[in-house]
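Reproduced below: final-v7.txt, with compact mmCIF, C-alpha atoms and all ligand atoms.
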# COMPACT_ATOMS: atom_id res chain seq x y z
CA MET H 1 39.99 51.95 103.11
CA THR H 2 36.68 52.69 104.80
CA GLU H 3 34.53 49.59 105.22
CA LEU H 4 31.18 49.41 103.48
CA ILE H 5 28.18 47.93 105.28
CA LEU H 6 26.76 44.78 103.67
CA ALA H 7 23.20 45.48 102.50
CA ARG H 8 22.43 41.87 103.44
CA GLY H 9 24.43 40.60 106.40
CA ALA H 10 26.00 37.14 106.80
CA ASP H 11 22.84 36.02 108.62
CA GLY H 12 20.79 37.02 105.55
CA ALA H 13 19.15 39.90 107.35
CA ILE H 14 18.94 43.40 105.96
CA ASP H 15 19.83 46.25 108.31
CA THR H 16 16.79 48.27 107.30
CA PRO H 17 17.50 51.45 109.30
CA ALA H 18 21.06 51.63 107.93
CA LEU H 19 19.89 51.05 104.35
CA ARG H 20 17.08 53.59 104.76
CA GLU H 21 19.62 56.12 106.01
CA ALA H 22 21.82 55.50 102.94
CA PHE H 23 18.85 55.85 100.57
CA GLY H 24 17.77 58.97 102.46
CA ARG H 25 21.02 60.75 101.62
CA PHE H 26 19.60 61.20 98.14
CA PRO H 27 17.59 64.44 98.28
CA SER H 28 14.29 64.50 96.48
CA GLY H 29 11.14 66.50 96.09
CA VAL H 30 7.81 65.23 97.35
CA THR H 31 4.65 64.67 95.37
CA ALA H 32 1.04 64.29 96.42
CA MET H 33 -0.51 61.47 94.39
CA CYS H 34 -4.27 62.05 94.54
CA ALA H 35 -7.60 61.45 92.84
CA LEU H 36 -11.31 61.50 93.53
CA GLY H 37 -12.89 58.21 94.60
CA ASP H 38 -16.12 56.77 93.24
CA GLY H 39 -18.11 58.66 95.85
CA GLY H 40 -16.37 61.95 95.05
CA GLU H 41 -14.13 61.71 98.13
CA PRO H 42 -10.48 62.83 97.89
CA ILE H 43 -7.91 60.00 98.09
CA GLY H 44 -4.15 60.37 98.19
CA ILE H 45 -0.72 59.85 99.69
CA ALA H 46 2.57 61.71 99.82
CA ALA H 47 5.32 60.11 97.72
CA SER H 48 8.96 61.17 97.47
CA SER H 49 9.99 58.35 95.12
CA PHE H 50 8.93 60.32 92.06
CA VAL H 51 11.24 60.13 89.08
CA ALA H 52 10.97 61.72 85.65
CA VAL H 53 11.37 58.79 83.23
CA SER H 54 10.77 59.80 79.63
CA LEU H 55 9.94 62.91 77.59
CA ASP H 56 8.60 61.08 74.51
CA PRO H 57 6.35 59.44 75.44
CA PRO H 58 5.91 61.55 78.59
CA LEU H 59 6.34 59.14 81.51
CA VAL H 60 7.08 59.50 85.21
CA GLY H 61 7.46 56.86 87.93
CA VAL H 62 6.56 56.49 91.59
CA CYS H 63 7.37 53.54 93.89
CA VAL H 64 4.52 52.53 96.20
CA GLN H 65 4.90 50.26 99.23
CA HIS H 66 3.02 46.93 99.09
CA THR H 67 1.59 47.78 102.48
CA SER H 68 -0.14 50.92 101.22
CA THR H 69 -3.86 50.78 101.94
CA THR H 70 -4.51 53.79 99.72
CA TRP H 71 -2.85 52.60 96.50
CA PRO H 72 -5.53 49.90 95.92
CA LEU H 73 -8.09 52.74 95.99
CA LEU H 74 -6.08 54.91 93.62
CA ARG H 75 -4.73 52.46 91.05
CA ASP H 76 -7.95 52.04 89.06
CA ARG H 77 -8.78 55.74 88.84
CA PRO H 78 -8.84 56.96 85.22
CA ARG H 79 -6.64 59.94 86.09
CA ILE H 80 -4.34 60.57 89.05
CA GLY H 81 -2.88 63.96 89.88
CA LEU H 82 0.75 64.35 90.89
CA SER H 83 1.32 67.65 92.65
CA VAL H 84 5.00 68.45 93.15
CA LEU H 85 4.79 70.05 96.59
CA GLY H 86 5.86 73.61 97.20
CA ASP H 87 8.12 74.78 100.03
CA SER H 88 5.19 75.85 102.21
CA GLN H 89 3.62 72.38 102.08
CA ASP H 90 5.68 70.44 104.64
CA ALA H 91 2.72 70.20 107.03
CA ALA H 92 0.44 69.24 104.14
CA CYS H 93 2.90 66.50 103.22
CA ARG H 94 2.86 65.05 106.76
CA GLN H 95 -0.92 65.22 106.78
CA LEU H 96 -1.13 63.43 103.42
CA ALA H 97 1.02 60.63 104.84
CA SER H 98 -0.76 60.31 108.20
CA LYS H 99 -2.57 57.14 109.19
CA THR H 100 -5.26 59.00 111.11
CA GLY H 101 -7.44 62.01 110.50
CA ASP H 102 -8.63 63.75 107.36
CA ARG H 103 -5.64 63.95 104.99
CA PHE H 104 -7.24 66.80 103.05
CA ALA H 105 -8.39 68.96 105.98
CA GLY H 106 -7.55 72.60 105.32
CA LEU H 107 -5.96 71.87 101.95
CA ALA H 108 -7.06 73.74 98.84
CA TRP H 109 -7.46 71.48 95.83
CA HIS H 110 -9.35 71.08 92.59
CA THR H 111 -9.90 68.23 90.18
CA THR H 112 -9.58 67.76 86.45
CA GLY H 113 -12.39 66.34 84.30
CA GLY H 114 -10.96 62.82 84.69
CA GLY H 115 -10.83 63.05 88.48
CA ALA H 116 -7.15 63.81 89.03
CA LEU H 117 -6.82 65.86 92.23
CA LEU H 118 -4.29 68.71 92.26
CA LEU H 119 -3.19 70.73 95.28
CA ARG H 120 -2.89 74.49 95.33
CA GLY H 121 0.54 75.66 96.47
CA ALA H 122 2.33 73.00 94.43
CA THR H 123 5.23 73.94 92.19
CA ALA H 124 4.02 71.70 89.35
CA TRP H 125 0.94 69.68 88.43
CA LEU H 126 0.88 66.52 86.34
CA ASP H 127 -2.41 64.98 85.21
CA CYS H 128 -1.60 61.30 84.71
CA SER H 129 -2.95 57.82 84.07
CA VAL H 130 -1.37 54.53 85.11
CA GLU H 131 0.58 53.15 82.12
CA GLU H 132 2.15 50.09 83.72
CA THR H 133 2.99 48.63 87.10
CA VAL H 134 6.14 46.61 87.77
CA PRO H 135 6.61 44.57 90.96
CA ALA H 136 9.83 45.72 92.64
CA GLY H 137 10.64 44.00 95.94
CA ASP H 138 8.50 45.39 98.72
CA HIS H 139 7.27 48.16 96.39
CA VAL H 140 5.49 48.38 93.08
CA LEU H 141 6.97 50.71 90.50
CA VAL H 142 4.10 52.64 88.94
CA LEU H 143 4.75 54.12 85.53
CA PHE H 144 2.45 57.03 84.76
CA ARG H 145 1.67 58.62 81.41
CA VAL H 146 1.51 62.42 81.69
CA HIS H 147 -1.43 63.90 79.78
CA ARG H 148 -1.30 67.51 80.92
CA HIS H 149 0.97 69.57 83.13
CA ARG H 150 1.44 73.03 84.52
CA VAL H 151 4.35 74.72 86.30
CA HIS H 152 3.90 77.28 89.10
CA ALA H 153 7.34 78.83 89.00
CA ASP H 154 6.52 81.24 91.86
CA ASN H 155 6.31 78.28 94.27
CA ALA H 156 9.74 76.86 95.10
CA PRO H 157 9.83 73.08 95.61
CA LEU H 158 9.81 71.34 98.98
CA VAL H 159 12.94 69.21 99.46
CA PHE H 160 12.95 65.92 101.40
CA HIS H 161 16.32 64.78 102.68
CA ALA H 162 17.54 62.57 105.55
CA SER H 163 13.99 62.21 106.89
CA GLY H 164 13.45 65.97 107.07
CA PHE H 165 12.02 68.79 105.00
CA HIS H 166 14.20 71.53 103.56
CA VAL H 167 14.02 74.44 101.17
CA LEU H 168 16.47 75.28 98.43
CA SER H 169 19.10 77.72 99.62
CA GLY H 170 19.86 79.13 96.20
CA LEU H 171 23.27 77.51 95.79
CA ASP H 172 24.14 77.74 92.09
CA ARG H 173 27.90 77.10 92.18
CA ALA H 174 27.43 73.96 90.08
CA SER H 175 26.32 75.87 86.99
C1 LIG X 201 7.99 62.61 102.89
C2 LIG X 201 7.25 61.32 102.63
C3 LIG X 201 7.51 60.59 101.48
C4 LIG X 201 6.84 59.39 101.22
N1 LIG X 201 7.11 58.73 100.07
C5 LIG X 201 6.47 57.56 99.81
C6 LIG X 201 6.72 56.86 98.60
O1 LIG X 201 7.50 57.29 97.75
N2 LIG X 201 6.07 55.69 98.40
C7 LIG X 201 5.18 55.20 99.30
O2 LIG X 201 4.61 54.13 99.06
N3 LIG X 201 4.92 55.85 100.46
C8 LIG X 201 5.52 57.01 100.73
N4 LIG X 201 5.25 57.70 101.87
C9 LIG X 201 4.23 57.14 102.79
C10 LIG X 201 2.80 57.44 102.30
O3 LIG X 201 2.60 58.83 102.19
C11 LIG X 201 1.76 56.89 103.29
O4 LIG X 201 2.06 57.29 104.58
C12 LIG X 201 1.72 55.39 103.23
O5 LIG X 201 1.34 54.96 101.94
C13 LIG X 201 0.73 54.78 104.24
O6 LIG X 201 -0.55 55.24 104.01
P1 LIG X 201 -1.66 54.33 103.28
O7 LIG X 201 -1.77 53.03 104.03
O8 LIG X 201 -2.90 55.17 103.35
O9 LIG X 201 -1.20 54.09 101.88
C14 LIG X 201 5.89 58.91 102.15
C15 LIG X 201 5.64 59.63 103.31
C16 LIG X 201 6.30 60.83 103.56
C17 LIG X 201 5.99 61.61 104.82

The structure in this file should be written as structure tokens.
Ligand SMILES: Cc1cc2nc3c(=O)[nH]c(=O)nc-3n(C[C@H](O)[C@H](O)[C@H](O)COP(=O)(O)O)c2cc1C
Amino acid sequence: MTELILARGADGAIDTPALREAFGRFPSGVTAMCALGDGGEPIGIAASSFVAVSLDPPLVGVCVQHTSTTWPLLRDRPRIGLSVLGDSQDAACRQLASKTGDRFAGLAWHTTGGGALLLRGATAWLDCSVEETVPAGDHVLVLFRVHRHRVHADNAPLVFHASGFHVLSGLDRAS
């Protein structure tokens, strides 16, 4: 039998790179979680931990690191936009995650009445408010209520997998 790696070793330490690699085998999309600040400035981060949670009521979730310096600026916004990134937005995604520079430079975006910021080129838009936050280890699980949404079916989704960006290859054997 193939040995499994202990998530927490005998010394109590977690092998973070190994665990991150295991988690990273789960492919996901990437969202841009953005809103306008008090001064009208765009605020946001890239987040791949998006999960659709409930249809009725309409809820989605995102896990945010405790170390995020942007989440404290976002969490009190009345509305937050979740843009599910399209397959031409890999560079935009890196930019939205970068620690330096203008995260919104060169990006086309608009806002809703409540200040949710949505990116052009996305494959779907969700206009959300924070419903609940749940502490979860070194992250906080943010539950969002979805108020409005729109699909852009012409834009295929960007796929994040094993620390890299991918596009769907059209495999439909599973159906
Ligand atoms: C592909 C990708 C996915 C990411 N997913 C998440 C995520 O799900 N949760 C999170 O807190 N940060 C995520 N990040 C990191 C944030 O985008 C951002 O870099 C981080 O919050 C640090 O910036 P801040 O201090 O301005 O918040 C991701 C970054 C990349 C490039």

Polymer residues at most 9 Å from (-12.4, 63.7, 85.4) by all atoms listed in the file, as a list in words: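 The residues near that point, listed by chain and number, are Leu36, Pro78, Arg79, Thr111, Thr112, Gly113, Gly114, Gly115 and Ala116 of chain H.
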
Do you know which residues are within 9 Å of ligand LIG 201 (chain X) using all atoms listed in the file? Can you write them as an MDAnalysis selection string? chainID H and resid 29:33 43:50 62:72 90 93:100 139:140 159:161 163:165

Can you spit out the residues from that selection as a PDB file, keeping the file's coordinate frame, using C-alpha atoms?
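As a result, again_2.pdb now contains:
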ATOM      1  CA  GLY H  29      11.140  66.500  96.090  1.00  0.00           C
ATOM      2  CA  VAL H  30       7.810  65.230  97.350  1.00  0.00           C
ATOM      3  CA  THR H  31       4.650  64.670  95.370  1.00  0.00           C
ATOM      4  CA  ALA H  32       1.040  64.290  96.420  1.00  0.00           C
ATOM      5  CA  MET H  33      -0.510  61.470  94.390  1.00  0.00           C
ATOM      6  CA  ILE H  43      -7.910  60.000  98.090  1.00  0.00           C
ATOM      7  CA  GLY H  44      -4.150  60.370  98.190  1.00  0.00           C
ATOM      8  CA  ILE H  45      -0.720  59.850  99.690  1.00  0.00           C
ATOM      9  CA  ALA H  46       2.570  61.710  99.820  1.00  0.00           C
ATOM     10  CA  ALA H  47       5.320  60.110  97.720  1.00  0.00           C
ATOM     11  CA  SER H  48       8.960  61.170  97.470  1.00  0.00           C
ATOM     12  CA  SER H  49       9.990  58.350  95.120  1.00  0.00           C
ATOM     13  CA  PHE H  50       8.930  60.320  92.060  1.00  0.00           C
ATOM     14  CA  VAL H  62       6.560  56.490  91.590  1.00  0.00           C
ATOM     15  CA  CYS H  63       7.370  53.540  93.890  1.00  0.00           C
ATOM     16  CA  VAL H  64       4.520  52.530  96.200  1.00  0.00           C
ATOM     17  CA  GLN H  65       4.900  50.260  99.230  1.00  0.00           C
ATOM     18  CA  HIS H  66       3.020  46.930  99.090  1.00  0.00           C
ATOM     19  CA  THR H  67       1.590  47.780 102.480  1.00  0.00           C
ATOM     20  CA  SER H  68      -0.140  50.920 101.220  1.00  0.00           C
ATOM     21  CA  THR H  69      -3.860  50.780 101.940  1.00  0.00           C
ATOM     22  CA  THR H  70      -4.510  53.790  99.720  1.00  0.00           C
ATOM     23  CA  TRP H  71      -2.850  52.600  96.500  1.00  0.00           C
ATOM     24  CA  PRO H  72      -5.530  49.900  95.920  1.00  0.00           C
ATOM     25  CA  ASP H  90       5.680  70.440 104.640  1.00  0.00           C
ATOM     26  CA  CYS H  93       2.900  66.500 103.220  1.00  0.00           C
ATOM     27  CA  ARG H  94       2.860  65.050 106.760  1.00  0.00           C
ATOM     28  CA  GLN H  95      -0.920  65.220 106.780  1.00  0.00           C
ATOM     29  CA  LEU H  96      -1.130  63.430 103.420  1.00  0.00           C
ATOM     30  CA  ALA H  97       1.020  60.630 104.840  1.00  0.00           C
ATOM     31  CA  SER H  98      -0.760  60.310 108.200  1.00  0.00           C
ATOM     32  CA  LYS H  99      -2.570  57.140 109.190  1.00  0.00           C
ATOM     33  CA  THR H 100      -5.260  59.000 111.110  1.00  0.00           C
ATOM     34  CA  HIS H 139       7.270  48.160  96.390  1.00  0.00           C
ATOM     35  CA  VAL H 140       5.490  48.380  93.080  1.00  0.00           C
ATOM     36  CA  VAL H 159      12.940  69.210  99.460  1.00  0.00           C
ATOM     37  CA  PHE H 160      12.950  65.920 101.400  1.00  0.00           C
ATOM     38  CA  HIS H 161      16.320  64.780 102.680  1.00  0.00           C
ATOM     39  CA  SER H 163      13.990  62.210 106.890  1.00  0.00           C
ATOM     40  CA  GLY H 164      13.450  65.970 107.070  1.00  0.00           C
ATOM     41  CA  PHE H 165      12.020  68.790 105.000  1.00  0.00           C
TER      42      PHE H 165
END

Fewer than 5 positions away in the same chain doesn't count, so skip those; otherwise give me all residues within 8 Å of Pro42 (chain H), counting all atoms listed in the file, as a short mmCIF file (atom, residue, chain, number, x, y, z; two decimals) with C-alpha atoms, in the coordinates of the input.
data_model
loop_
_atom_site.label_atom_id
_atom_site.label_comp_id
_atom_site.auth_asym_id
_atom_site.auth_seq_id
_atom_site.Cartn_x
_atom_site.Cartn_y
_atom_site.Cartn_z
CA CYS H 34 -4.27 62.05 94.54
CA ALA H 35 -7.60 61.45 92.84
CA LEU H 36 -11.31 61.50 93.53
CA GLY H 37 -12.89 58.21 94.60
CA PHE H 104 -7.24 66.80 103.05
CA LEU H 117 -6.82 65.86 92.23
#

Which one is closest to Ser88 (chain H): H:Arg145, H:Arg20, H:His166, H:Arg103? Count all atoms listed in the file. H:His166

Have a look at CA of Leu19 (chain H) and CA of Ile5 (chain H) and let me know their distance in Å, one decimal. 8.9 Å

So how many Å separate CA of Val167 (chain H) and CA of His149 (chain H), to one decimal?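 About the pair CA of Val167 (chain H) and CA of His149 (chain H): they are 22.8 Å apart.
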
Residue nearest Ala22 (chain H) - candidates H:Glu132, H:Val60, H:Gly40, H:Ala162, atoms counted: only C-alpha atoms: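 Of the candidates, the smallest distance to Ala22 (chain H) is held by H:Ala162.
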
Can you tell me how far CA of His147 (chain H) sits from CA of Pro27 (chain H), in Å to one decimal? 26.5 Å
